[in-house]
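Reading through the structure tokens given below for one structure.
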Amino acid sequence: TGAVANGMVVTLSYDQALDSQHAPTTAAFGVSVNGVARSIDTLAITGNQLALTLVVPVVAGDVVKVSYLDRTGNDGYAVQDWAGNDAAQ
């Protein structure tokens, strides 16, 4: 697993394919850049990657932190693999 921020997109990589049909909403995530909250525009899952598109881009040298909270516990709309196993928070 890992993360990369490039312009408007923060991409989180997981060790297995994610369920793109039951993705969480952007409200489950928080992104801060240099300690300041940044709004998330969209979320997309492709294969083993989850991409968060920000409203304002990041630039080289920015410190980006991402948080995730599955507010409802083990449900159908979370970051999870195709078998329904939730990803670590």
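Residue numbering restarts at 1 in every chain; chains get A, B, ... in the order shown in the structure tokens, and ligands count up from 1 in that same order.
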Compile the contact shell of Ala88 (chain A) as number ranges by chain: residues with an atom at most 10 Å away, counting only C-alpha atoms, same-chain residues fewer than 4 positions apart removed.
A: 14, 68-70, 79-80
Residues within 7 Å of region 56-63 of chain A, only C-alpha atoms, excluding chain neighbours under 5 positions, as number ranges by chain:
A: 6-8, 33-34
Write out as a PyMOL selection string all residues of region 3-87 of chain A that backbone DSSP assigns to strand (DSSP E).
chain A and resi 3-6+9-13+29-33+36-38+40-46+49-54+64-68
Counting only C-alpha atoms, the residue of A:Leu18, A:Ala23, A:Val55, A:Val66 that sits nearest Gly35 (chain A):
A:Val66
What separates CA of Asp86 (chain A) and CA of His22 (chain A) is a distance of 11.2 Å
Polymer residues at most 10 Å from Ala37 (chain A), only C-alpha atoms, same-chain spacing of 4 or more positions, as JSON, numbers by chain
{"A": [30, 31, 32, 33, 64, 65, 66]}
Written selection (C-alpha atoms) as a PDB file, in the first residue's frame:
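See again-v8.pdb below for the written result:
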```pdb
ATOM      1  CA  GLY A  30     -10.361  13.885   5.101  1.00  0.00           C
ATOM      2  CA  VAL A  31      -7.402  15.482   3.317  1.00  0.00           C
ATOM      3  CA  SER A  32      -5.141  18.135   4.774  1.00  0.00           C
ATOM      4  CA  VAL A  33      -2.353  19.944   2.962  1.00  0.00           C
ATOM      5  CA  VAL A  64      -0.441  15.816   2.426  1.00  0.00           C
ATOM      6  CA  LYS A  65      -2.294  13.720   4.999  1.00  0.00           C
ATOM      7  CA  VAL A  66      -5.306  11.517   4.270  1.00  0.00           C
TER       8      VAL A  66
END
```
Using only C-alpha atoms, pick whichever of A:Ala78, A:Ala83, A:Leu54, A:Ile45 has the shortest atom-to-atom distance to Ser13 (chain A).
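Of the candidates, the smallest distance to Ser13 (chain A) is held by A:Ile45.
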Nearest residue to Ala17 (chain A) out of A:Ser67, A:Ala3, A:Ala44, A:Leu50, using only C-alpha atoms?
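Checking each of A:Ser67, A:Ala3, A:Ala44, A:Leu50 against Ala17 (chain A), counting only C-alpha atoms, the winner is A:Leu50.
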Just want the 10 Å neighbourhood of Gln16 (chain A), counted on only C-alpha atoms, with same-chain residues fewer than 3 positions away dropped. Output as a list in words.
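Returned residues: Thr1, Ser13, Asp19, Gly47, Asn48, Gln49, Gln80, Asp81, Trp82 and Ala87 of chain A.
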